[in-house]
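Undergrad: Sharing query-v5.pdb below, PDB, C-alpha atoms:
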```pdb
ATOM      1  CA  GLU A   1      13.933  -5.141   5.527  1.00  0.00           C
ATOM      2  CA  ALA A   2      14.772  -1.559   6.468  1.00  0.00           C
ATOM      3  CA  GLY A   3      12.483   1.103   5.063  1.00  0.00           C
ATOM      4  CA  VAL A   4      13.261   4.437   3.460  1.00  0.00           C
ATOM      5  CA  ALA A   5      15.247   6.624   5.844  1.00  0.00           C
ATOM      6  CA  GLN A   6      15.142  10.411   5.887  1.00  0.00           C
ATOM      7  CA  SER A   7      16.823  13.064   7.962  1.00  0.00           C
ATOM      8  CA  PRO A   8      16.343  15.392   9.603  1.00  0.00           C
ATOM      9  CA  ARG A   9      12.725  14.814  10.653  1.00  0.00           C
ATOM     10  CA  TYR A  10      12.136  18.492  11.395  1.00  0.00           C
ATOM     11  CA  LYS A  11      13.863  21.684  10.319  1.00  0.00           C
ATOM     12  CA  ILE A  12      13.087  25.326  11.056  1.00  0.00           C
ATOM     13  CA  ILE A  13      14.917  28.045   9.122  1.00  0.00           C
ATOM     14  CA  GLU A  14      14.458  31.675   8.214  1.00  0.00           C
ATOM     15  CA  LYS A  15      13.664  32.777   4.684  1.00  0.00           C
ATOM     16  CA  ARG A  16      16.657  33.176   2.404  1.00  0.00           C
ATOM     17  CA  GLN A  17      18.596  30.541   4.344  1.00  0.00           C
ATOM     18  CA  SER A  18      19.691  27.237   2.827  1.00  0.00           C
ATOM     19  CA  VAL A  19      18.644  23.744   3.846  1.00  0.00           C
ATOM     20  CA  ALA A  20      19.408  20.183   2.776  1.00  0.00           C
ATOM     21  CA  PHE A  21      17.503  16.941   3.231  1.00  0.00           C
ATOM     22  CA  TRP A  22      18.911  13.438   3.014  1.00  0.00           C
ATOM     23  CA  CYS A  23      17.285  10.198   1.880  1.00  0.00           C
ATOM     24  CA  ASN A  24      18.483   6.591   1.955  1.00  0.00           C
ATOM     25  CA  PRO A  25      16.162   4.352  -0.096  1.00  0.00           C
ATOM     26  CA  ILE A  26      15.418   0.692   0.422  1.00  0.00           C
ATOM     27  CA  SER A  27      18.462  -1.389  -0.460  1.00  0.00           C
ATOM     28  CA  GLY A  28      18.514  -2.349  -4.114  1.00  0.00           C
ATOM     29  CA  HIS A  29      15.836   0.105  -5.187  1.00  0.00           C
ATOM     30  CA  ALA A  30      16.904   1.753  -8.418  1.00  0.00           C
ATOM     31  CA  THR A  31      14.248   4.446  -8.539  1.00  0.00           C
ATOM     32  CA  LEU A  32      14.064   7.309  -6.050  1.00  0.00           C
ATOM     33  CA  TYR A  33      11.512  10.106  -5.864  1.00  0.00           C
ATOM     34  CA  TRP A  34      11.254  13.381  -3.959  1.00  0.00           C
ATOM     35  CA  TYR A  35       7.787  14.779  -3.281  1.00  0.00           C
ATOM     36  CA  GLN A  36       6.636  18.034  -1.691  1.00  0.00           C
ATOM     37  CA  GLN A  37       3.507  17.849   0.473  1.00  0.00           C
ATOM     38  CA  ILE A  38       2.068  21.218   1.466  1.00  0.00           C
ATOM     39  CA  LEU A  39      -0.266  21.124   4.471  1.00  0.00           C
ATOM     40  CA  GLY A  40      -3.735  19.951   3.473  1.00  0.00           C
ATOM     41  CA  GLN A  41      -2.686  18.828  -0.007  1.00  0.00           C
ATOM     42  CA  GLY A  42      -1.552  15.641  -1.663  1.00  0.00           C
ATOM     43  CA  PRO A  43       2.141  15.080  -2.375  1.00  0.00           C
ATOM     44  CA  LYS A  44       3.515  16.579  -5.586  1.00  0.00           C
ATOM     45  CA  LEU A  45       6.464  15.047  -7.408  1.00  0.00           C
ATOM     46  CA  LEU A  46       9.574  17.203  -7.541  1.00  0.00           C
ATOM     47  CA  ILE A  47      12.135  14.881  -9.113  1.00  0.00           C
ATOM     48  CA  GLN A  48      12.640  11.241 -10.051  1.00  0.00           C
ATOM     49  CA  PHE A  49      15.979   9.415 -10.311  1.00  0.00           C
ATOM     50  CA  GLN A  50      16.733   6.110 -11.990  1.00  0.00           C
ATOM     51  CA  ASN A  51      20.002   4.984 -10.437  1.00  0.00           C
ATOM     52  CA  ASN A  52      22.092   8.187 -10.578  1.00  0.00           C
ATOM     53  CA  GLY A  53      20.317   9.753 -13.568  1.00  0.00           C
ATOM     54  CA  VAL A  54      17.402  12.186 -13.562  1.00  0.00           C
ATOM     55  CA  VAL A  55      14.262  10.806 -15.216  1.00  0.00           C
ATOM     56  CA  ASP A  56      11.931  13.733 -14.586  1.00  0.00           C
ATOM     57  CA  ASP A  57      12.536  17.096 -12.929  1.00  0.00           C
ATOM     58  CA  SER A  58       9.901  19.082 -14.772  1.00  0.00           C
ATOM     59  CA  GLN A  59       8.207  20.235 -11.552  1.00  0.00           C
ATOM     60  CA  LEU A  60      11.386  21.113  -9.666  1.00  0.00           C
ATOM     61  CA  PRO A  61      11.833  24.897  -9.180  1.00  0.00           C
ATOM     62  CA  LYS A  62      15.369  24.849 -10.491  1.00  0.00           C
ATOM     63  CA  ASP A  63      16.135  28.430  -9.553  1.00  0.00           C
ATOM     64  CA  ARG A  64      16.228  27.414  -5.907  1.00  0.00           C
ATOM     65  CA  PHE A  65      15.913  23.633  -5.642  1.00  0.00           C
ATOM     66  CA  SER A  66      18.561  21.086  -6.561  1.00  0.00           C
ATOM     67  CA  ALA A  67      18.903  17.360  -6.014  1.00  0.00           C
ATOM     68  CA  GLU A  68      21.545  14.754  -6.601  1.00  0.00           C
ATOM     69  CA  ARG A  69      22.049  11.030  -6.305  1.00  0.00           C
ATOM     70  CA  LEU A  70      25.720  10.732  -7.123  1.00  0.00           C
ATOM     71  CA  LYS A  71      26.318   7.030  -6.465  1.00  0.00           C
ATOM     72  CA  GLY A  72      22.844   5.822  -7.284  1.00  0.00           C
ATOM     73  CA  VAL A  73      21.955   5.163  -3.645  1.00  0.00           C
ATOM     74  CA  ASP A  74      21.534   8.085  -1.214  1.00  0.00           C
ATOM     75  CA  SER A  75      20.066  11.348  -2.387  1.00  0.00           C
ATOM     76  CA  THR A  76      20.158  14.942  -1.188  1.00  0.00           C
ATOM     77  CA  LEU A  77      17.584  17.646  -1.877  1.00  0.00           C
ATOM     78  CA  LYS A  78      18.677  21.245  -1.333  1.00  0.00           C
ATOM     79  CA  ILE A  79      16.804  24.544  -1.206  1.00  0.00           C
ATOM     80  CA  GLN A  80      18.797  27.752  -1.610  1.00  0.00           C
ATOM     81  CA  PRO A  81      17.492  30.299  -0.779  1.00  0.00           C
ATOM     82  CA  ALA A  82      14.303  29.204   0.972  1.00  0.00           C
ATOM     83  CA  LYS A  83      11.016  31.079   0.672  1.00  0.00           C
ATOM     84  CA  LEU A  84       8.027  31.094   3.015  1.00  0.00           C
ATOM     85  CA  GLU A  85       6.021  29.013   0.516  1.00  0.00           C
ATOM     86  CA  ASP A  86       8.574  26.203   0.752  1.00  0.00           C
ATOM     87  CA  SER A  87       7.148  25.257   4.157  1.00  0.00           C
ATOM     88  CA  ALA A  88       6.007  21.684   3.618  1.00  0.00           C
ATOM     89  CA  VAL A  89       6.826  18.048   4.301  1.00  0.00           C
ATOM     90  CA  TYR A  90       9.426  16.664   1.900  1.00  0.00           C
ATOM     91  CA  LEU A  91       8.905  12.992   1.221  1.00  0.00           C
ATOM     92  CA  CYS A  92      11.352  10.550  -0.275  1.00  0.00           C
ATOM     93  CA  ALA A  93      10.123   7.337  -1.871  1.00  0.00           C
ATOM     94  CA  SER A  94      11.720   4.438  -3.701  1.00  0.00           C
ATOM     95  CA  ASN A  95      10.803   1.422  -5.747  1.00  0.00           C
ATOM     96  CA  ALA A  96      12.614  -1.395  -7.432  1.00  0.00           C
ATOM     97  CA  GLY A  97      12.185   0.144 -10.880  1.00  0.00           C
ATOM     98  CA  GLY A  98      11.298  -1.529 -14.128  1.00  0.00           C
ATOM     99  CA  VAL A  99       8.058  -2.719 -15.652  1.00  0.00           C
ATOM    100  CA  GLY A 100       5.483  -3.741 -13.072  1.00  0.00           C
ATOM    101  CA  ALA A 101       7.331  -2.165 -10.154  1.00  0.00           C
ATOM    102  CA  ASP A 102       4.582   0.328  -9.469  1.00  0.00           C
ATOM    103  CA  THR A 103       4.524   0.307  -5.659  1.00  0.00           C
ATOM    104  CA  GLN A 104       6.433   3.135  -4.018  1.00  0.00           C
ATOM    105  CA  TYR A 105       7.663   2.973  -0.427  1.00  0.00           C
ATOM    106  CA  PHE A 106       7.756   6.247   1.453  1.00  0.00           C
ATOM    107  CA  GLY A 107      10.005   7.552   4.183  1.00  0.00           C
ATOM    108  CA  PRO A 108       8.666   9.440   7.212  1.00  0.00           C
ATOM    109  CA  GLY A 109       9.362  12.809   5.636  1.00  0.00           C
ATOM    110  CA  THR A 110      11.142  15.987   6.695  1.00  0.00           C
ATOM    111  CA  ARG A 111       8.882  18.766   7.939  1.00  0.00           C
ATOM    112  CA  LEU A 112      10.331  22.138   6.906  1.00  0.00           C
ATOM    113  CA  THR A 113       9.132  25.389   8.441  1.00  0.00           C
ATOM    114  CA  VAL A 114      10.370  28.616   6.858  1.00  0.00           C
ATOM    115  CA  LEU A 115       9.908  31.707   9.044  1.00  0.00           C
TER     116      LEU A 115
ATOM    117  CA  GLY B   1      -2.492  15.579 -18.058  1.00  0.00           C
ATOM    118  CA  ASN B   2      -3.238  13.200 -15.236  1.00  0.00           C
ATOM    119  CA  SER B   3      -5.339  14.252 -12.277  1.00  0.00           C
ATOM    120  CA  VAL B   4      -7.091  12.709  -9.293  1.00  0.00           C
ATOM    121  CA  THR B   5     -10.108  14.159  -7.517  1.00  0.00           C
ATOM    122  CA  GLN B   6     -11.308  12.866  -4.187  1.00  0.00           C
ATOM    123  CA  MET B   7     -14.003  13.986  -1.810  1.00  0.00           C
ATOM    124  CA  GLU B   8     -13.071  16.655   0.637  1.00  0.00           C
ATOM    125  CA  GLY B   9     -13.024  15.904   4.306  1.00  0.00           C
ATOM    126  CA  PRO B  10     -13.092  15.628   7.085  1.00  0.00           C
ATOM    127  CA  VAL B  11     -15.342  12.605   7.123  1.00  0.00           C
ATOM    128  CA  THR B  12     -16.552  11.884  10.645  1.00  0.00           C
ATOM    129  CA  LEU B  13     -18.101   8.504  11.414  1.00  0.00           C
ATOM    130  CA  SER B  14     -19.044   6.481  14.437  1.00  0.00           C
ATOM    131  CA  GLU B  15     -17.306   3.168  15.051  1.00  0.00           C
ATOM    132  CA  GLU B  16     -18.751   0.288  12.977  1.00  0.00           C
ATOM    133  CA  ALA B  17     -20.249   2.666  10.401  1.00  0.00           C
ATOM    134  CA  PHE B  18     -19.889   2.061   6.657  1.00  0.00           C
ATOM    135  CA  LEU B  19     -17.234   4.112   4.884  1.00  0.00           C
ATOM    136  CA  THR B  20     -17.082   5.363   1.313  1.00  0.00           C
ATOM    137  CA  ILE B  21     -14.448   7.820   0.079  1.00  0.00           C
ATOM    138  CA  ASN B  22     -15.005   8.797  -3.535  1.00  0.00           C
ATOM    139  CA  CYS B  23     -12.144   9.050  -6.019  1.00  0.00           C
ATOM    140  CA  THR B  24     -12.269   9.816  -9.734  1.00  0.00           C
ATOM    141  CA  TYR B  25      -9.382  10.222 -12.124  1.00  0.00           C
ATOM    142  CA  THR B  26      -8.371  11.600 -15.498  1.00  0.00           C
ATOM    143  CA  ALA B  27      -5.554   9.879 -17.349  1.00  0.00           C
ATOM    144  CA  THR B  28      -4.501   8.797 -20.791  1.00  0.00           C
ATOM    145  CA  GLY B  29      -3.894   5.139 -21.368  1.00  0.00           C
ATOM    146  CA  TYR B  30      -4.303   2.571 -18.619  1.00  0.00           C
ATOM    147  CA  PRO B  31      -3.128   3.802 -15.236  1.00  0.00           C
ATOM    148  CA  SER B  32      -2.611   1.757 -12.104  1.00  0.00           C
ATOM    149  CA  LEU B  33      -4.676   3.039  -9.174  1.00  0.00           C
ATOM    150  CA  PHE B  34      -3.736   3.217  -5.520  1.00  0.00           C
ATOM    151  CA  TRP B  35      -4.977   4.155  -2.092  1.00  0.00           C
ATOM    152  CA  TYR B  36      -2.325   5.338   0.349  1.00  0.00           C
ATOM    153  CA  VAL B  37      -2.967   6.022   4.034  1.00  0.00           C
ATOM    154  CA  GLN B  38      -1.189   8.422   6.372  1.00  0.00           C
ATOM    155  CA  TYR B  39      -1.710   7.716  10.065  1.00  0.00           C
ATOM    156  CA  PRO B  40      -1.029  10.551  12.526  1.00  0.00           C
ATOM    157  CA  GLY B  41       2.703  11.113  12.869  1.00  0.00           C
ATOM    158  CA  GLU B  42       3.599   8.440  10.322  1.00  0.00           C
ATOM    159  CA  GLY B  43       4.634   8.287   6.682  1.00  0.00           C
ATOM    160  CA  LEU B  44       2.517   7.310   3.700  1.00  0.00           C
ATOM    161  CA  GLN B  45       1.734   3.608   3.453  1.00  0.00           C
ATOM    162  CA  LEU B  46       0.258   1.709   0.559  1.00  0.00           C
ATOM    163  CA  LEU B  47      -3.202   0.475   1.522  1.00  0.00           C
ATOM    164  CA  LEU B  48      -4.283  -1.243  -1.691  1.00  0.00           C
ATOM    165  CA  LYS B  49      -3.922  -1.081  -5.444  1.00  0.00           C
ATOM    166  CA  ALA B  50      -5.454  -2.248  -8.722  1.00  0.00           C
ATOM    167  CA  THR B  51      -3.632  -2.401 -12.013  1.00  0.00           C
ATOM    168  CA  LYS B  52      -6.376  -3.027 -14.588  1.00  0.00           C
ATOM    169  CA  ALA B  53     -10.059  -2.464 -15.171  1.00  0.00           C
ATOM    170  CA  ASP B  54     -12.454  -4.428 -12.935  1.00  0.00           C
ATOM    171  CA  ASP B  55      -9.647  -5.436 -10.572  1.00  0.00           C
ATOM    172  CA  LYS B  56     -10.514  -5.163  -6.896  1.00  0.00           C
ATOM    173  CA  GLY B  57      -7.823  -4.198  -4.428  1.00  0.00           C
ATOM    174  CA  SER B  58      -8.324  -5.133  -0.781  1.00  0.00           C
ATOM    175  CA  ASN B  59      -6.459  -4.912   2.501  1.00  0.00           C
ATOM    176  CA  LYS B  60      -7.343  -4.611   6.211  1.00  0.00           C
ATOM    177  CA  GLY B  61     -11.070  -4.753   5.375  1.00  0.00           C
ATOM    178  CA  PHE B  62     -10.827  -1.923   2.851  1.00  0.00           C
ATOM    179  CA  GLU B  63     -11.778  -2.480  -0.791  1.00  0.00           C
ATOM    180  CA  ALA B  64     -11.726  -0.491  -4.011  1.00  0.00           C
ATOM    181  CA  THR B  65     -12.703  -1.551  -7.546  1.00  0.00           C
ATOM    182  CA  TYR B  66     -11.082  -0.117 -10.687  1.00  0.00           C
ATOM    183  CA  ARG B  67     -14.019   1.167 -12.773  1.00  0.00           C
ATOM    184  CA  LYS B  68     -12.813   2.274 -16.192  1.00  0.00           C
ATOM    185  CA  GLU B  69     -16.282   3.183 -17.453  1.00  0.00           C
ATOM    186  CA  THR B  70     -16.772   5.720 -14.661  1.00  0.00           C
ATOM    187  CA  THR B  71     -13.037   6.474 -14.158  1.00  0.00           C
ATOM    188  CA  SER B  72     -13.460   5.825 -10.449  1.00  0.00           C
ATOM    189  CA  PHE B  73     -11.718   3.968  -7.632  1.00  0.00           C
ATOM    190  CA  HIS B  74     -13.894   4.514  -4.557  1.00  0.00           C
ATOM    191  CA  LEU B  75     -12.615   3.263  -1.205  1.00  0.00           C
ATOM    192  CA  GLU B  76     -15.034   1.309   1.007  1.00  0.00           C
ATOM    193  CA  LYS B  77     -15.026  -0.426   4.352  1.00  0.00           C
ATOM    194  CA  GLY B  78     -17.990  -2.144   5.923  1.00  0.00           C
ATOM    195  CA  SER B  79     -17.232  -1.352   9.562  1.00  0.00           C
ATOM    196  CA  VAL B  80     -14.696   1.294  10.529  1.00  0.00           C
ATOM    197  CA  GLN B  81     -12.694   1.330  13.738  1.00  0.00           C
ATOM    198  CA  VAL B  82     -11.196   4.194  15.714  1.00  0.00           C
ATOM    199  CA  SER B  83      -7.773   2.980  14.553  1.00  0.00           C
ATOM    200  CA  ASP B  84      -8.767   3.729  10.938  1.00  0.00           C
ATOM    201  CA  SER B  85      -8.616   7.464  11.683  1.00  0.00           C
ATOM    202  CA  ALA B  86      -6.093   8.815   9.192  1.00  0.00           C
ATOM    203  CA  VAL B  87      -5.754  10.726   5.943  1.00  0.00           C
ATOM    204  CA  TYR B  88      -6.449   8.691   2.813  1.00  0.00           C
ATOM    205  CA  PHE B  89      -4.944   9.539  -0.574  1.00  0.00           C
ATOM    206  CA  CYS B  90      -6.086   8.251  -3.935  1.00  0.00           C
ATOM    207  CA  ALA B  91      -3.343   8.153  -6.572  1.00  0.00           C
ATOM    208  CA  LEU B  92      -2.509   6.897 -10.031  1.00  0.00           C
ATOM    209  CA  THR B  93       0.570   6.059 -11.989  1.00  0.00           C
ATOM    210  CA  ARG B  94       1.326   5.092 -15.560  1.00  0.00           C
ATOM    211  CA  ASN B  95       4.133   2.632 -16.203  1.00  0.00           C
ATOM    212  CA  ASN B  96       5.319   4.486 -19.248  1.00  0.00           C
ATOM    213  CA  ALA B  97       5.645   7.655 -17.190  1.00  0.00           C
ATOM    214  CA  GLY B  98       8.318   6.329 -14.842  1.00  0.00           C
ATOM    215  CA  ASN B  99       5.794   5.109 -12.286  1.00  0.00           C
ATOM    216  CA  MET B 100       5.534   8.575 -10.783  1.00  0.00           C
ATOM    217  CA  LEU B 101       2.445   9.039  -8.660  1.00  0.00           C
ATOM    218  CA  THR B 102      -0.217  11.689  -9.127  1.00  0.00           C
ATOM    219  CA  PHE B 103      -2.113  12.171  -5.868  1.00  0.00           C
ATOM    220  CA  GLY B 104      -5.509  13.524  -4.965  1.00  0.00           C
ATOM    221  CA  GLY B 105      -5.797  16.094  -2.217  1.00  0.00           C
ATOM    222  CA  GLY B 106      -6.456  13.602   0.560  1.00  0.00           C
ATOM    223  CA  THR B 107      -9.491  12.909   2.749  1.00  0.00           C
ATOM    224  CA  ARG B 108      -9.243  12.994   6.513  1.00  0.00           C
ATOM    225  CA  LEU B 109     -11.280  10.302   8.258  1.00  0.00           C
ATOM    226  CA  MET B 110     -12.160  10.665  11.919  1.00  0.00           C
ATOM    227  CA  VAL B 111     -13.811   7.703  13.646  1.00  0.00           C
ATOM    228  CA  LYS B 112     -15.435   8.308  17.017  1.00  0.00           C
ATOM    229  CA  PRO B 113     -16.008   5.544  19.580  1.00  0.00           C
TER     230      PRO B 113
END
```
Just dump the structure as structure tokens.

TA:
Amino acid sequence: EAGVAQSPRYKIIEKRQSVAFWCNPISGHATLYWYQQILGQGPKLLIQFQNNGVVDDSQLPKDRFSAERLKGVDSTLKIQPAKLEDSAVYLCASNAGGVGADTQYFGPGTRLTVL
Amino acid sequence: GNSVTQMEGPVTLSEEAFLTINCTYTATGYPSLFWYVQYPGEGLQLLLKATKADDKGSNKGFEATYRKETTSFHLEKGSVQVSDSAVYFCALTRNNAGNMLTFGGGTRLMVKP
């Protein structure tokens, strides 16, 4: 079974530029999460999708971050414009969804450096 | 709100030493508890989990017991190997909160031969 795929693996941009990350979850997984992991810290949830609907985006900085999952499969996370403090690893995770489906499977992450 | 506190690292041990990484949590209701591991250059992997009080999760020689009375989920291993060097994250989730994970800050383990 293929795992969660993410691209790109690394991205370097200058502040005020835009960037987008892509995630392809495990086939059949209804729930998809984006996390931000700043160096030396644990991951922090940004947004959760159930199929193509947003379940929770309370910690997403909506003035600059946006995310979509239009067909309920792949997802894209965008930052526009980027700030220095956005330098982090962006992790995508998925699970099957529903009661009892509490194990999340993580992709390798995209490491973003904002100069 | 929910929170997870784990001991700060790095933890440096010699091969075959006993490992304990402390983790305590604050949550309403009955969370599920997890340990995730992040090996150098790799993504987060589930190491073990426990879904109710007094459950013991185990995998690859690691164990952790869900202690509701002390709100703890300490990770232990009797004899560590160099290959166990990684960052370990304690986390919790509540099913009625969309299964989203709340992570601790992570503990780096370094095992020397």

Undergrad: What separation in Å, quoted to one decimal, exists between CA of Lys62 in chain A and CA of Gln80 in chain A?

TA: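 For CA of Lys62 in chain A relative to CA of Gln80 in chain A, the distance reads 10.0 Å.
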
Undergrad: Between CA of Ser79 in chain B and CA of Arg108 in chain B, what is the distance in Å, rounded to a tenth?

TA: 16.7 Å

Undergrad: Between A:Val55, A:Val4, A:Ile79, A:Leu70, which has the minimum distance to Gln17 in chain A (counting all atoms listed in the file)?

TA: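 Of A:Val55, A:Val4, A:Ile79, A:Leu70, the one nearest Gln17 in chain A is A:Ile79, counting all atoms listed in the file.
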
Undergrad: Between chain A and chain B, at 9 Å or less, what are the per-residue closest atom pairs and their distances in Å? Count all atoms listed in the file, order by chain and rising residue number, and return it as a Markdown table.

TA:
```
| residue | atom | partner | partner_atom | distance |
| --- | --- | --- | --- | --- |
| A:Thr31 | CA | B:Gly98 | CA | 8.9 |
| A:Tyr33 | CA | B:Met100 | CA | 7.9 |
| A:Gly40 | CA | B:Gly105 | CA | 7.2 |
| A:Gln41 | CA | B:Gly105 | CA | 4.7 |
| A:Gly42 | CA | B:Gly105 | CA | 4.3 |
| A:Pro43 | CA | B:Phe103 | CA | 6.2 |
| A:Lys44 | CA | B:Thr102 | CA | 7.1 |
| A:Leu45 | CA | B:Leu101 | CA | 7.3 |
| A:Gln48 | CA | B:Met100 | CA | 7.6 |
| A:Gln50 | CA | B:Gly98 | CA | 8.9 |
| A:Val55 | CA | B:Gly98 | CA | 7.5 |
| A:Asp56 | CA | B:Gly98 | CA | 8.2 |
| A:Leu91 | CA | B:Gly43 | CA | 8.4 |
| A:Gly97 | CA | B:Asn99 | CA | 8.2 |
| A:Gly98 | CA | B:Gly98 | CA | 8.4 |
| A:Val99 | CA | B:Asn95 | CA | 6.7 |
| A:Gly100 | CA | B:Asn95 | CA | 7.2 |
| A:Ala101 | CA | B:Asn99 | CA | 7.7 |
| A:Asp102 | CA | B:Asn99 | CA | 5.7 |
| A:Thr103 | CA | B:Leu46 | CA | 7.7 |
| A:Gln104 | CA | B:Leu46 | CA | 7.8 |
| A:Tyr105 | CA | B:Gln45 | CA | 7.1 |
| A:Phe106 | CA | B:Leu44 | CA | 5.8 |
| A:Gly107 | CA | B:Gly43 | CA | 6.0 |
| A:Pro108 | CA | B:Gly43 | CA | 4.2 |
| A:Gly109 | CA | B:Gly43 | CA | 6.6 |
```

Undergrad: Need the shell around Arg67 in chain B: protein/DNA/RNA residues with any atom at most 8 Å away, counting all atoms listed in the file. Skip same-chain ones fewer than 6 positions apart. Format as a ChimeraX atom specification?

TA: /B:53-54,73

Undergrad: Please enumerate the residues selected by the PyMOL selection byres ((chain A and resi 76) around 10) when evaluated against the supplied file, formatted as a ChimeraX atom specification.

TA: /A:6-7,20-24,34,66-70,74-75,77-78,92

Undergrad: List the spatial neighbours of Val82 in chain B as a list in words - criterion: any atom at most 12 Å away, only C-alpha atoms, same-chain residues fewer than 3 positions off excluded.

TA: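 Answer for this query is Thr12, Leu13, Ser14, Glu15, Glu16, Ala17, Tyr39, Ser79, Ser85, Ala86, Leu109, Met110, Val111, Lys112 and Pro113 of chain B.
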
Undergrad: Just to confirm, what's the straight-line distance from CA of Leu32 in chain A to CA of Asp86 in chain A in Å (one decimal)?

TA: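 Going from CA of Leu32 in chain A over to CA of Asp86 in chain A covers 20.8 Å.
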
Undergrad: Put the listed atoms of range 45-62 of chain B in a box along x, y and z with 8 Å added on every side and give me the centre and edge lengths in Å to one decimal, as lines of an AutoDock Vina configuration file.

TA:
```
center_x = -5.4
center_y = -0.9
center_z = -4.5
size_x = 30.2
size_y = 25.0
size_z = 37.4
```

Undergrad: Fewer than 3 positions away in the same chain doesn't count, so skip those; otherwise give me all residues within 7 Å of Met7 in chain B, counting only C-alpha atoms, as a PDB file with C-alpha atoms, in the coordinates of the input.

TA:
```pdb
ATOM      1  CA  ILE B  21     -14.448   7.820   0.079  1.00  0.00           C
ATOM      2  CA  ASN B  22     -15.005   8.797  -3.535  1.00  0.00           C
ATOM      3  CA  CYS B  23     -12.144   9.050  -6.019  1.00  0.00           C
ATOM      4  CA  THR B 107      -9.491  12.909   2.749  1.00  0.00           C
TER       5      THR B 107
END
```

Undergrad: Go through the shown structure with the PyMOL selection byres ((chain A and resi 83) around 10) and write out the matching residues as an mmCIF file with C-alpha atoms, keeping the file's coordinate frame.

TA:
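Result written to out.cif:
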```cif
data_model
loop_
_atom_site.group_PDB
_atom_site.id
_atom_site.type_symbol
_atom_site.label_atom_id
_atom_site.label_comp_id
_atom_site.auth_asym_id
_atom_site.auth_seq_id
_atom_site.Cartn_x
_atom_site.Cartn_y
_atom_site.Cartn_z
ATOM 1 C CA ILE A 13 14.917 28.045 9.122
ATOM 2 C CA GLU A 14 14.458 31.675 8.214
ATOM 3 C CA LYS A 15 13.664 32.777 4.684
ATOM 4 C CA ARG A 16 16.657 33.176 2.404
ATOM 5 C CA GLN A 17 18.596 30.541 4.344
ATOM 6 C CA SER A 18 19.691 27.237 2.827
ATOM 7 C CA ARG A 64 16.228 27.414 -5.907
ATOM 8 C CA ILE A 79 16.804 24.544 -1.206
ATOM 9 C CA GLN A 80 18.797 27.752 -1.610
ATOM 10 C CA PRO A 81 17.492 30.299 -0.779
ATOM 11 C CA ALA A 82 14.303 29.204 0.972
ATOM 12 C CA LEU A 84 8.027 31.094 3.015
ATOM 13 C CA GLU A 85 6.021 29.013 0.516
ATOM 14 C CA ASP A 86 8.574 26.203 0.752
ATOM 15 C CA SER A 87 7.148 25.257 4.157
ATOM 16 C CA THR A 113 9.132 25.389 8.441
ATOM 17 C CA VAL A 114 10.370 28.616 6.858
ATOM 18 C CA LEU A 115 9.908 31.707 9.044
#
```

Undergrad: Of the candidates A:Ala93, A:Ala5, A:Val54, A:Ile47, which one gets nearest to His29 in chain A if we count only C-alpha atoms?

TA: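 Counting only C-alpha atoms, the residue closest to His29 in chain A is A:Ala93.
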
Undergrad: From the options B:Phe18, B:Tyr30, B:Tyr66, B:Tyr36, which residue's atoms come nearest to Gly78 in chain B, counting only C-alpha atoms?

TA: B:Phe18

Undergrad: Would you write out, as an mmCIF file with C-alpha atoms, in the frame of the given file, every residue that the PyMOL selection byres ((chain B and resi 3) around 7) captures in this file?

TA:
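As a result, selection_36.cif now contains:
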```cif
data_model
loop_
_atom_site.group_PDB
_atom_site.id
_atom_site.type_symbol
_atom_site.label_atom_id
_atom_site.label_comp_id
_atom_site.auth_asym_id
_atom_site.auth_seq_id
_atom_site.Cartn_x
_atom_site.Cartn_y
_atom_site.Cartn_z
ATOM 1 C CA GLY B 1 -2.492 15.579 -18.058
ATOM 2 C CA ASN B 2 -3.238 13.200 -15.236
ATOM 3 C CA VAL B 4 -7.091 12.709 -9.293
ATOM 4 C CA THR B 5 -10.108 14.159 -7.517
ATOM 5 C CA TYR B 25 -9.382 10.222 -12.124
ATOM 6 C CA THR B 26 -8.371 11.600 -15.498
ATOM 7 C CA ALA B 27 -5.554 9.879 -17.349
ATOM 8 C CA THR B 102 -0.217 11.689 -9.127
#
```

Undergrad: Complete the atoms of range 102-107 of chain B to N, CA, C and O atoms and put them out as a compact mmCIF listing (two decimals), in the coordinates of the input.

TA:
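Saved the output as part.txt:
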```
# COMPACT_ATOMS: atom_id res chain seq x y z
N THR B 102 0.58 10.48 -9.19
CA THR B 102 -0.22 11.69 -9.13
C THR B 102 -1.25 11.47 -8.04
O THR B 102 -2.04 10.53 -8.12
N PHE B 103 -1.25 12.34 -7.03
CA PHE B 103 -2.11 12.17 -5.87
C PHE B 103 -3.32 13.09 -5.91
O PHE B 103 -3.27 14.20 -6.46
N GLY B 104 -4.40 12.64 -5.29
CA GLY B 104 -5.51 13.52 -4.96
C GLY B 104 -5.15 14.34 -3.73
O GLY B 104 -4.08 14.18 -3.15
N GLY B 105 -6.07 15.18 -3.32
CA GLY B 105 -5.80 16.09 -2.22
C GLY B 105 -5.88 15.49 -0.83
O GLY B 105 -5.51 16.13 0.15
N GLY B 106 -6.36 14.25 -0.74
CA GLY B 106 -6.46 13.60 0.56
C GLY B 106 -7.80 13.83 1.23
O GLY B 106 -8.44 14.88 1.04
N THR B 107 -8.25 12.83 1.98
CA THR B 107 -9.49 12.91 2.75
C THR B 107 -9.20 12.46 4.17
O THR B 107 -8.74 11.34 4.38
```
